[in-house]
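Raw query38.pdb, PDB, C-alpha atoms:
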```
MODEL        1
ATOM      1  CA  MET A   1      47.615 -22.267   4.446
ATOM      2  CA  GLY A   2      51.104 -20.934   3.665
ATOM      3  CA  ASP A   3      54.296 -21.765   5.548
ATOM      4  CA  LYS A   4      54.528 -18.203   6.884
ATOM      5  CA  THR A   5      50.989 -18.375   8.304
ATOM      6  CA  VAL A   6      51.705 -21.753   9.922
ATOM      7  CA  ALA A   7      54.889 -20.367  11.485
ATOM      8  CA  ILE A   8      53.024 -17.371  12.908
ATOM      9  CA  ILE A   9      50.334 -19.634  14.381
ATOM     10  CA  GLN A  10      52.989 -21.861  15.938
ATOM     11  CA  ILE A  11      54.774 -18.875  17.498
ATOM     12  CA  PHE A  12      51.474 -17.548  18.857
ATOM     13  CA  ALA A  13      50.647 -20.981  20.328
ATOM     14  CA  GLN A  14      54.064 -21.133  21.992
ATOM     15  CA  ILE A  15      53.557 -17.703  23.540
ATOM     16  CA  ILE A  16      50.130 -18.662  24.908
ATOM     17  CA  GLN A  17      51.610 -21.880  26.289
ATOM     18  CA  MET A  18      54.415 -19.937  27.981
ATOM     19  CA  MET A  19      51.934 -17.581  29.650
ATOM     20  CA  THR A  20      49.793 -20.492  30.827
ATOM     21  CA  ASP A  21      52.827 -22.326  32.142
ATOM     22  CA  LEU A  22      54.062 -19.168  33.885
ATOM     23  CA  LEU A  23      50.887 -18.863  35.939
ATOM     24  CA  GLY A  24      50.980 -22.600  36.647
ATOM     25  CA  ASP A  25      54.628 -22.507  37.713
ATOM     26  CA  ILE A  26      54.048 -19.581  40.051
ATOM     27  CA  LEU A  27      50.949 -21.081  41.647
ATOM     28  CA  ALA A  28      52.704 -24.446  41.929
ATOM     29  CA  ALA A  29      55.351 -22.743  44.092
ATOM     30  CA  LEU A  30      52.719 -21.888  46.698
ATOM     31  CA  SER A  31      53.192 -24.024  49.780
ATOM     32  CA  PHE A  32      52.389 -23.773  53.468
ATOM     33  CA  ARG A  33      55.178 -23.724  55.995
ATOM     34  CA  GLU A  34      52.595 -23.886  58.771
ATOM     35  CA  LEU A  35      48.914 -24.830  58.632
ATOM     36  CA  ASN A  36      45.954 -25.059  60.992
ATOM     37  CA  ILE A  37      42.654 -26.609  59.872
ATOM     38  CA  THR A  38      39.417 -25.881  61.703
ATOM     39  CA  GLU A  39      35.758 -26.612  61.083
ATOM     40  CA  PHE A  40      33.617 -24.011  62.826
ATOM     41  CA  GLN A  41      30.109 -25.146  63.802
ATOM     42  CA  LEU A  42      28.235 -21.932  64.579
ATOM     43  CA  LYS A  43      24.665 -21.240  65.712
ATOM     44  CA  ALA A  44      23.063 -17.799  65.763
ATOM     45  CA  PRO A  45      23.613 -15.439  67.349
ATOM     46  CA  TRP A  46      27.370 -15.493  66.850
ATOM     47  CA  ALA A  47      30.118 -13.161  65.675
ATOM     48  CA  ILE A  48      33.882 -13.618  65.428
ATOM     49  CA  SER A  49      36.584 -11.003  64.784
ATOM     50  CA  THR A  50      40.039 -11.748  63.392
ATOM     51  CA  GLU A  51      41.520  -8.648  65.028
ATOM     52  CA  GLY A  52      45.100  -9.340  66.089
ATOM     53  CA  PHE A  53      45.287 -12.504  63.999
ATOM     54  CA  ARG A  54      48.488 -12.319  61.955
ATOM     55  CA  PRO A  55      48.647 -15.476  59.762
ATOM     56  CA  GLY A  56      46.924 -15.617  56.404
ATOM     57  CA  PHE A  57      43.587 -17.384  56.453
ATOM     58  CA  ASN A  58      40.848 -18.773  54.279
ATOM     59  CA  LEU A  59      37.221 -19.254  55.377
ATOM     60  CA  ILE A  60      34.909 -21.380  53.221
ATOM     61  CA  LEU A  61      31.209 -21.340  54.072
ATOM     62  CA  VAL A  62      30.001 -24.916  53.583
ATOM     63  CA  GLU A  63      26.566 -24.563  55.214
ATOM     64  CA  GLY A  64      24.183 -21.725  56.102
ATOM     65  CA  SER A  65      24.906 -18.025  55.608
ATOM     66  CA  CYS A  66      26.736 -15.202  57.354
ATOM     67  CA  TRP A  67      27.633 -11.517  57.200
ATOM     68  CA  ILE A  68      31.172 -10.320  56.561
ATOM     69  CA  SER A  69      32.076  -6.833  57.833
ATOM     70  CA  LEU A  70      35.210  -5.276  56.337
ATOM     71  CA  LEU A  71      37.314  -2.458  57.781
ATOM     72  CA  ASN A  72      35.886   0.014  55.275
ATOM     73  CA  GLY A  73      32.443  -0.518  56.826
ATOM     74  CA  ARG A  74      31.137  -2.624  53.942
ATOM     75  CA  ASN A  75      28.863  -5.530  54.914
ATOM     76  CA  ILE A  76      28.594  -8.542  52.597
ATOM     77  CA  ARG A  77      26.292 -11.519  52.957
ATOM     78  CA  LEU A  78      27.854 -14.889  52.155
ATOM     79  CA  THR A  79      25.943 -18.039  51.264
ATOM     80  CA  ALA A  80      27.051 -21.680  51.140
ATOM     81  CA  GLY A  81      29.921 -22.274  48.721
ATOM     82  CA  GLN A  82      31.302 -18.749  48.884
ATOM     83  CA  SER A  83      34.612 -18.023  50.586
ATOM     84  CA  ILE A  84      36.867 -15.243  51.802
ATOM     85  CA  LEU A  85      40.658 -15.306  51.540
ATOM     86  CA  LEU A  86      43.061 -12.964  53.330
ATOM     87  CA  PRO A  87      46.478 -14.054  51.995
ATOM     88  CA  ARG A  88      48.424 -11.791  54.373
ATOM     89  CA  GLY A  89      46.029 -11.997  57.329
ATOM     90  CA  GLY A  90      44.085  -9.012  58.646
ATOM     91  CA  SER A  91      40.974  -7.964  60.509
ATOM     92  CA  ILE A  92      37.416  -8.793  59.495
ATOM     93  CA  LYS A  93      34.249  -9.677  61.359
ATOM     94  CA  TYR A  94      32.067 -12.577  60.293
ATOM     95  CA  ALA A  95      28.750 -13.046  62.029
ATOM     96  CA  SER A  96      25.201 -14.378  61.932
ATOM     97  CA  GLY A  97      24.038 -10.755  61.639
ATOM     98  CA  PRO A  98      25.719  -7.393  61.005
ATOM     99  CA  LYS A  99      24.984  -6.010  64.508
ATOM    100  CA  VAL A 100      26.072  -8.945  66.706
ATOM    101  CA  SER A 101      28.961  -8.205  69.076
ATOM    102  CA  ALA A 102      32.069 -10.179  68.148
ATOM    103  CA  ALA A 103      34.444 -12.344  70.156
ATOM    104  CA  LYS A 104      38.080 -12.432  69.036
ATOM    105  CA  LEU A 105      39.075 -15.532  67.142
ATOM    106  CA  THR A 106      42.068 -16.143  69.391
ATOM    107  CA  ASP A 107      39.832 -15.915  72.498
ATOM    108  CA  LEU A 108      37.721 -18.868  71.339
ATOM    109  CA  TRP A 109      40.547 -21.249  72.109
ATOM    110  CA  ASP A 110      40.905 -22.046  75.771
ATOM    111  CA  GLU A 111      42.962 -25.209  75.374
ATOM    112  CA  ALA A 112      44.871 -24.337  72.190
ATOM    113  CA  GLN A 113      46.049 -21.104  70.591
ATOM    114  CA  PHE A 114      46.881 -20.448  66.964
ATOM    115  CA  HIS A 115      50.304 -18.975  67.824
ATOM    116  CA  PRO A 116      52.625 -20.401  66.821
ATOM    117  CA  LEU A 117      50.993 -22.474  64.112
ATOM    118  CA  SER A 118      53.909 -24.896  64.267
ATOM    119  CA  ASP A 119      52.549 -26.169  67.597
ATOM    120  CA  PHE A 120      49.663 -27.770  65.670
ATOM    121  CA  PRO A 121      50.921 -28.869  62.228
ATOM    122  CA  ALA A 122      47.776 -29.558  60.160
ATOM    123  CA  VAL A 123      45.867 -30.825  63.208
ATOM    124  CA  PHE A 124      42.117 -30.793  62.522
ATOM    125  CA  PHE A 125      40.112 -28.863  65.134
ATOM    126  CA  GLU A 126      36.362 -28.611  65.487
ATOM    127  CA  LYS A 127      34.949 -25.603  67.305
ATOM    128  CA  ALA A 128      31.298 -24.992  68.267
ATOM    129  CA  TRP A 129      30.212 -21.466  69.130
ATOM    130  CA  GLY A 130      27.116 -19.301  69.464
ATOM    131  CA  GLY A 131      23.527 -19.769  70.583
ATOM    132  CA  ASP A 132      20.729 -22.095  69.553
ATOM    133  CA  GLY A 133      19.546 -20.467  66.323
ATOM    134  CA  ALA A 134      20.233 -21.024  62.638
ATOM    135  CA  LYS A 135      23.338 -23.099  61.926
ATOM    136  CA  SER A 136      26.354 -22.143  59.817
ATOM    137  CA  ARG A 137      29.472 -24.175  59.176
ATOM    138  CA  PHE A 138      32.903 -23.019  57.967
ATOM    139  CA  LEU A 139      36.014 -24.831  56.880
ATOM    140  CA  GLY A 140      38.939 -22.632  57.860
ATOM    141  CA  PHE A 141      42.667 -22.640  57.065
ATOM    142  CA  ALA A 142      45.177 -20.520  58.948
ATOM    143  CA  PHE A 143      48.577 -20.577  57.276
ATOM    144  CA  GLU A 144      52.048 -19.167  56.893
ATOM    145  CA  LEU A 145      53.455 -19.384  53.399
ATOM    146  CA  ALA A 146      56.843 -20.891  52.612
ATOM    147  CA  GLU A 147      59.563 -18.588  51.324
ATOM    148  CA  THR A 148      59.463 -20.287  47.920
ATOM    149  CA  VAL A 149      56.238 -18.477  47.022
ATOM    150  CA  GLU A 150      56.800 -16.244  44.007
ATOM    151  CA  GLU A 151      57.647 -12.779  45.282
ATOM    152  CA  ARG A 152      55.400 -11.061  42.744
ATOM    153  CA  VAL A 153      52.158 -12.773  43.668
ATOM    154  CA  LEU A 154      51.397 -11.709  47.239
ATOM    155  CA  PRO A 155      52.140  -7.983  46.831
ATOM    156  CA  SER A 156      49.856  -7.924  43.783
ATOM    157  CA  LEU A 157      46.860  -9.392  45.597
ATOM    158  CA  PRO A 158      44.271  -7.331  47.494
ATOM    159  CA  ASP A 159      44.013  -7.611  51.277
ATOM    160  CA  VAL A 160      40.639  -9.370  51.014
ATOM    161  CA  ILE A 161      39.498 -11.704  48.227
ATOM    162  CA  LEU A 162      35.812 -12.680  48.060
ATOM    163  CA  LEU A 163      35.002 -15.660  45.864
ATOM    164  CA  ASP A 164      31.694 -17.003  44.631
ATOM    165  CA  ALA A 165      30.896 -20.697  44.686
ATOM    166  CA  SER A 166      32.235 -22.849  41.849
ATOM    167  CA  GLU A 167      31.569 -26.484  41.039
ATOM    168  CA  GLN A 168      35.268 -27.362  40.949
ATOM    169  CA  ALA A 169      36.032 -25.695  44.296
ATOM    170  CA  SER A 170      32.966 -27.323  45.854
ATOM    171  CA  HIS A 171      34.156 -30.798  44.816
ATOM    172  CA  MET A 172      37.629 -30.116  46.225
ATOM    173  CA  VAL A 173      36.273 -28.877  49.562
ATOM    174  CA  GLN A 174      33.878 -31.805  49.892
ATOM    175  CA  ALA A 175      36.639 -34.303  49.130
ATOM    176  CA  PHE A 176      38.852 -32.718  51.773
ATOM    177  CA  ARG A 177      36.100 -32.717  54.412
ATOM    178  CA  THR A 178      35.410 -36.394  53.671
ATOM    179  CA  TYR A 179      39.097 -37.180  54.039
ATOM    180  CA  LEU A 180      39.271 -35.325  57.367
ATOM    181  CA  ALA A 181      36.155 -37.066  58.665
ATOM    182  CA  ASN A 182      37.635 -40.483  57.895
ATOM    183  CA  GLY A 183      40.995 -39.799  59.520
ATOM    184  CA  ARG A 184      40.913 -37.642  62.622
ATOM    185  CA  THR A 185      44.268 -38.800  64.041
ATOM    186  CA  MET A 186      47.651 -37.531  62.869
ATOM    187  CA  GLU A 187      49.652 -40.458  61.547
ATOM    188  CA  PRO A 188      53.234 -40.164  60.206
ATOM    189  CA  GLY A 189      53.235 -38.165  56.966
ATOM    190  CA  GLU A 190      49.724 -36.825  57.564
ATOM    191  CA  PHE A 191      50.834 -33.179  57.520
ATOM    192  CA  ALA A 192      51.998 -33.461  53.908
ATOM    193  CA  ILE A 193      48.667 -34.911  52.727
ATOM    194  CA  ARG A 194      46.518 -32.374  54.558
ATOM    195  CA  ALA A 195      48.768 -29.496  53.513
ATOM    196  CA  ARG A 196      48.557 -30.512  49.834
ATOM    197  CA  PHE A 197      44.763 -30.702  50.031
ATOM    198  CA  ALA A 198      44.562 -27.225  51.576
ATOM    199  CA  GLU A 199      47.151 -25.782  49.183
ATOM    200  CA  GLY A 200      45.183 -27.134  46.235
ATOM    201  CA  ILE A 201      42.015 -25.397  47.416
ATOM    202  CA  VAL A 202      43.797 -22.066  47.936
ATOM    203  CA  ILE A 203      45.588 -22.373  44.573
ATOM    204  CA  GLU A 204      42.241 -22.936  42.854
ATOM    205  CA  GLN A 205      40.847 -19.845  44.577
ATOM    206  CA  LEU A 206      43.831 -17.711  43.551
ATOM    207  CA  ARG A 207      43.684 -19.039  39.990
ATOM    208  CA  ARG A 208      40.026 -18.132  39.652
ATOM    209  CA  HIS A 209      40.675 -14.695  41.135
ATOM    210  CA  ILE A 210      43.621 -13.951  38.831
ATOM    211  CA  LEU A 211      41.846 -15.141  35.680
ATOM    212  CA  SER A 212      38.730 -13.092  36.453
ATOM    213  CA  SER A 213      40.472  -9.999  37.830
ATOM    214  CA  GLY A 214      40.152  -6.481  36.463
ATOM    215  CA  TYR A 215      43.549  -5.150  37.564
ATOM    216  CA  GLU A 216      44.879  -2.208  35.546
ATOM    217  CA  THR A 217      48.383  -2.116  37.057
ATOM    218  CA  GLY A 218      50.706  -4.541  38.817
ATOM    219  CA  TRP A 219      51.978  -8.026  38.141
ATOM    220  CA  ILE A 220      48.558  -9.621  37.604
ATOM    221  CA  ALA A 221      47.638  -6.912  35.092
ATOM    222  CA  GLY A 222      50.945  -7.538  33.336
ATOM    223  CA  ILE A 223      50.477 -11.278  32.838
ATOM    224  CA  ARG A 224      46.986 -10.603  31.463
ATOM    225  CA  HIS A 225      48.124  -7.833  29.092
ATOM    226  CA  PRO A 226      47.773  -8.993  25.444
ATOM    227  CA  LYS A 227      51.346  -7.946  24.589
ATOM    228  CA  LEU A 228      53.330  -7.502  27.795
ATOM    229  CA  GLN A 229      52.500 -11.044  28.902
ATOM    230  CA  THR A 230      54.885 -12.267  26.188
ATOM    231  CA  ALA A 231      57.841 -10.344  27.630
ATOM    232  CA  ILE A 232      56.998 -11.355  31.193
ATOM    233  CA  ALA A 233      56.755 -15.031  30.230
ATOM    234  CA  LEU A 234      60.081 -14.849  28.370
ATOM    235  CA  ILE A 235      61.752 -13.188  31.351
ATOM    236  CA  HIS A 236      60.509 -15.829  33.782
ATOM    237  CA  LYS A 237      61.048 -18.806  31.514
ATOM    238  CA  ARG A 238      64.322 -17.776  29.848
ATOM    239  CA  PHE A 239      65.841 -15.412  32.406
ATOM    240  CA  ASP A 240      69.353 -16.716  31.673
ATOM    241  CA  GLU A 241      69.352 -15.388  28.097
ATOM    242  CA  HIS A 242      70.756 -12.035  27.001
ATOM    243  CA  TRP A 243      67.646  -9.869  26.761
ATOM    244  CA  SER A 244      67.678  -6.203  25.855
ATOM    245  CA  LEU A 245      64.931  -3.616  25.657
ATOM    246  CA  GLU A 246      64.967  -4.020  21.881
ATOM    247  CA  THR A 247      64.669  -7.822  21.824
ATOM    248  CA  LEU A 248      61.873  -7.864  24.416
ATOM    249  CA  ALA A 249      59.980  -5.142  22.543
ATOM    250  CA  LYS A 250      60.342  -7.063  19.280
ATOM    251  CA  ALA A 251      59.021 -10.248  20.906
ATOM    252  CA  CYS A 252      55.907  -8.300  21.936
ATOM    253  CA  GLY A 253      55.462  -6.749  18.485
ATOM    254  CA  MET A 254      55.941  -3.246  19.898
ATOM    255  CA  SER A 255      58.314  -0.377  19.296
ATOM    256  CA  ARG A 256      61.118   0.100  21.815
ATOM    257  CA  ALA A 257      59.636   3.352  23.151
ATOM    258  CA  SER A 258      56.026   2.185  23.419
ATOM    259  CA  PHE A 259      57.072  -1.095  25.041
ATOM    260  CA  ALA A 260      59.233   0.663  27.650
ATOM    261  CA  LYS A 261      56.455   3.121  28.523
ATOM    262  CA  GLU A 262      53.671   0.511  28.651
ATOM    263  CA  PHE A 263      55.781  -1.820  30.777
ATOM    264  CA  CYS A 264      56.672   0.926  33.264
ATOM    265  CA  ASP A 265      53.083   2.179  33.453
ATOM    266  CA  ILE A 266      51.659  -1.262  34.234
ATOM    267  CA  MET A 267      54.483  -3.043  36.054
ATOM    268  CA  GLY A 268      55.837  -0.002  37.911
ATOM    269  CA  GLN A 269      59.462  -0.474  36.824
ATOM    270  CA  PRO A 270      61.556  -0.682  33.622
ATOM    271  CA  PRO A 271      61.723  -4.049  31.823
ATOM    272  CA  ILE A 272      65.447  -4.614  32.431
ATOM    273  CA  THR A 273      65.072  -3.833  36.139
ATOM    274  CA  TYR A 274      62.263  -6.385  36.297
ATOM    275  CA  LEU A 275      64.471  -8.910  34.467
ATOM    276  CA  ASN A 276      67.294  -8.352  36.944
ATOM    277  CA  ASP A 277      64.896  -8.704  39.887
ATOM    278  CA  VAL A 278      63.748 -12.096  38.562
ATOM    279  CA  ARG A 279      67.380 -13.129  38.190
ATOM    280  CA  VAL A 280      68.108 -12.043  41.767
ATOM    281  CA  HIS A 281      65.321 -14.234  43.158
ATOM    282  CA  LYS A 282      66.504 -17.181  41.069
ATOM    283  CA  ALA A 283      70.052 -16.576  42.323
ATOM    284  CA  ARG A 284      68.867 -16.379  45.938
ATOM    285  CA  THR A 285      67.308 -19.851  45.674
ATOM    286  CA  LEU A 286      70.538 -21.298  44.269
ATOM    287  CA  LEU A 287      72.670 -19.490  46.844
ATOM    288  CA  MET A 288      70.589 -20.908  49.684
ATOM    289  CA  ALA A 289      70.932 -24.409  48.231
ATOM    290  CA  GLY A 290      74.718 -24.047  48.525
ATOM    291  CA  LYS A 291      75.596 -26.483  45.722
ATOM    292  CA  LEU A 292      77.084 -24.134  43.112
ATOM    293  CA  SER A 293      79.830 -21.535  43.330
ATOM    294  CA  ILE A 294      78.802 -17.888  43.320
ATOM    295  CA  SER A 295      80.395 -17.324  39.908
ATOM    296  CA  ASP A 296      78.584 -20.362  38.471
ATOM    297  CA  ILE A 297      75.267 -19.045  39.805
ATOM    298  CA  ALA A 298      75.924 -15.615  38.274
ATOM    299  CA  PHE A 299      76.397 -17.256  34.877
ATOM    300  CA  ARG A 300      73.460 -19.650  35.284
ATOM    301  CA  VAL A 301      70.893 -16.930  36.076
ATOM    302  CA  GLY A 302      72.053 -14.616  33.292
ATOM    303  CA  PHE A 303      74.124 -11.974  35.071
ATOM    304  CA  GLY A 304      77.294 -13.163  33.409
ATOM    305  CA  THR A 305      79.649 -11.866  36.066
ATOM    306  CA  GLU A 306      79.809 -12.180  39.824
ATOM    307  CA  PHE A 307      80.147  -8.392  40.074
ATOM    308  CA  ALA A 308      76.862  -7.794  38.208
ATOM    309  CA  MET A 309      75.043 -10.311  40.388
ATOM    310  CA  ARG A 310      76.483  -8.877  43.601
ATOM    311  CA  ARG A 311      75.425  -5.348  42.624
ATOM    312  CA  ASN A 312      71.848  -6.400  41.837
ATOM    313  CA  VAL A 313      71.479  -8.682  44.863
ATOM    314  CA  ARG A 314      72.586  -5.860  47.176
ATOM    315  CA  ARG A 315      70.256  -3.407  45.415
ATOM    316  CA  LEU A 316      67.168  -5.594  45.800
ATOM    317  CA  LEU A 317      67.842  -7.603  48.965
ATOM    318  CA  GLY A 318      70.282  -5.416  50.874
ATOM    319  CA  GLN A 319      72.712  -8.328  51.238
ATOM    320  CA  THR A 320      75.648  -9.771  49.351
ATOM    321  CA  PRO A 321      75.511 -13.264  47.809
ATOM    322  CA  ARG A 322      77.956 -14.440  50.481
ATOM    323  CA  ASP A 323      75.657 -13.063  53.215
ATOM    324  CA  ILE A 324      72.729 -15.051  51.817
ATOM    325  CA  ARG A 325      74.768 -18.243  51.576
ATOM    326  CA  ARG A 326      76.145 -17.826  55.120
ATOM    327  CA  ASP A 327      72.685 -17.124  56.629
ATOM    328  CA  ALA A 328      71.208 -20.167  54.869
ATOM    329  CA  ALA A 329      74.011 -22.414  56.177
ATOM    330  CA  GLN A 330      73.609 -21.125  59.727
ATOM    331  CA  SER A 331      69.840 -21.730  59.737
ATOM    332  CA  VAL A 332      70.210 -25.439  58.972
TER     333      VAL A 332
ENDMDL
END
```

What would the structure in this file look like if it were written as structure tokens?
Amino acid sequence: MGDKTVAIIQIFAQIIQMMTDLLGDILAALSFRELNITEFQLKAPWAISTEGFRPGFNLILVEGSCWISLLNGRNIRLTAGQSILLPRGGSIKYASGPKVSAAKLTDLWDEAQFHPLSDFPAVFFEKAWGGDGAKSRFLGFAFELAETVEERVLPSLPDVILLDASEQASHMVQAFRTYLANGRTMEPGEFAIRARFAEGIVIEQLRRHILSSGYETGWIAGIRHPKLQTAIALIHKRFDEHWSLETLAKACGMSRASFAKEFCDIMGQPPITYLNDVRVHKARTLLMAGKLSISDIAFRVGFGTEFAMRRNVRRLLGQTPRDIRRDAAQSV
């Protein structure tokens, strides 16, 4: 094998590693600011609606079966191990049968409400509901995501994600249920442990969804594109470097014109605009931390000048860097 062939293989391996790391880095940023954990013990006939429920939520069917009714009128039967994830919240009906009248989720709680979630940080609730028929059991998470979650992920996801059972997810859920069963009281530091368990389960669900998705446009389609994924990984990993349309196109092995068109068609914006948006979000994090000067941050994220950063921050966020820093300091 010649030196040139070895070099090409090494470059290709580095690109694949960058793409893998990019997805890992973005999913690793997912964290819950608020979390509620509930195990629903349900006996037919029963039906629950999430109408008016604003937090994101995840329902994992650990025993029995149920029907899920979506807003478009579609009915789906779930069996043990399957789950449904609504990352931005929303309205669905889940029931022992498709024609059972539903009670609102928030109405099930006479002694405790879900709003605000901060009233019950990772407290484990158990809720029985229904009649005396066939039994179903759900593990449920209601959550609000922290602001550190990558801005590209949530807008790219569908309102409702249905996931089949997997061996890995099943092991994670069982381990979490065992942990909850052995420690029902909230001791100091318990929120962090329970939140990490729940985050890990949701991250695994999102990972499986992204890797098996058939998106044709949007961020998820971009990171799965055989050529564009290289440019996207470079932008996220090396955002502080001086990238141009030409250098990004060359890295992808594409002509300048075809790269620009393909990127716009799939990602919905030009490559350099996307690069500047990534830089803005990196700058926002540093501005909120308050440790570096505004000019230092502009240089660190790749804008080069404070003027260029200020222009792009105002374009994307509608604020100046000083506004962001002031608001962050006042919220402490």

I'd like the neighbourhood of stretch 231-235 of chain A as a JSON list (two decimals) with C-alpha atoms, keeping the file's coordinate frame, where a residue qualifies if any of its atoms comes within 7 Å (using all atoms listed in the file), though same-chain residues fewer than 3 positions away should be ignored.
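Wrote result_35.json, looks like this:
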```json
[["chain", "number", "residue", "atom", "x", "y", "z"],
["A", 18, "MET", "CA", 54.42, -19.94, 27.98],
["A", 19, "MET", "CA", 51.93, -17.58, 29.65],
["A", 22, "LEU", "CA", 54.06, -19.17, 33.88],
["A", 223, "ILE", "CA", 50.48, -11.28, 32.84],
["A", 228, "LEU", "CA", 53.33, -7.50, 27.80],
["A", 238, "ARG", "CA", 64.32, -17.78, 29.85],
["A", 239, "PHE", "CA", 65.84, -15.41, 32.41],
["A", 248, "LEU", "CA", 61.87, -7.86, 24.42],
["A", 251, "ALA", "CA", 59.02, -10.25, 20.91],
["A", 252, "CYS", "CA", 55.91, -8.30, 21.94],
["A", 275, "LEU", "CA", 64.47, -8.91, 34.47]]
```

What does the distance between atom CA of A:Arg284 and atom CA of A:Leu211 come to in Å, to one decimal place?
->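 Between atom CA of A:Arg284 and atom CA of A:Leu211 the gap is 28.9 Å.
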
Enter the distance from atom CA of A:Cys66 to atom CA of A:Gly89, in Å, rounded to one decimal.
->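 These two atoms are separated by 19.6 Å.
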
Residues at most 10 Å from A:Lys135, counting only C-alpha atoms, excluding those fewer than 3 positions away in the same chain, as number ranges by chain?
-> A: 41-46, 63-66, 96, 130-132

Hits of the PyMOL selection byres ((chain A and resi 70) around 9) in this structure, as a list of chain:residue names =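 Selected by the PyMOL selection byres ((chain A and resi 70) around 9) in this file: A:Ile68, A:Ser69, A:Leu71, A:Asn72, A:Gly73, A:Arg74, A:Asn75, A:Ile76, A:Ser91, A:Ile92, A:Lys93, A:Tyr94, A:Val160.
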
Keeping only C-alpha atoms, write the selected residues as a PDB file, keeping the file's coordinate frame.
```pdb
ATOM      1  CA  ILE A  68      31.172 -10.320  56.561  1.00  0.00           C
ATOM      2  CA  SER A  69      32.076  -6.833  57.833  1.00  0.00           C
ATOM      3  CA  LEU A  71      37.314  -2.458  57.781  1.00  0.00           C
ATOM      4  CA  ASN A  72      35.886   0.014  55.275  1.00  0.00           C
ATOM      5  CA  GLY A  73      32.443  -0.518  56.826  1.00  0.00           C
ATOM      6  CA  ARG A  74      31.137  -2.624  53.942  1.00  0.00           C
ATOM      7  CA  ASN A  75      28.863  -5.530  54.914  1.00  0.00           C
ATOM      8  CA  ILE A  76      28.594  -8.542  52.597  1.00  0.00           C
ATOM      9  CA  SER A  91      40.974  -7.964  60.509  1.00  0.00           C
ATOM     10  CA  ILE A  92      37.416  -8.793  59.495  1.00  0.00           C
ATOM     11  CA  LYS A  93      34.249  -9.677  61.359  1.00  0.00           C
ATOM     12  CA  TYR A  94      32.067 -12.577  60.293  1.00  0.00           C
ATOM     13  CA  VAL A 160      40.639  -9.370  51.014  1.00  0.00           C
TER      14      VAL A 160
END
```

Let me know the residues the PyMOL selection byres ((chain A and resi 286) around 12) catches in the file above, as a ChimeraX atom specification.
-> /A:148,279-285,287-301,321-322,324-325,328

Among A:Ser136, A:Gln174, A:Thr305, A:Asn312, A:Leu61 is approached most closely, using all atoms listed in the file, by A:Ser136

Enumerate, as a count of residues only, the residues matched when the PyMOL selection byres ((chain A and resi 51) around 10) is run on the file above.
-> 15
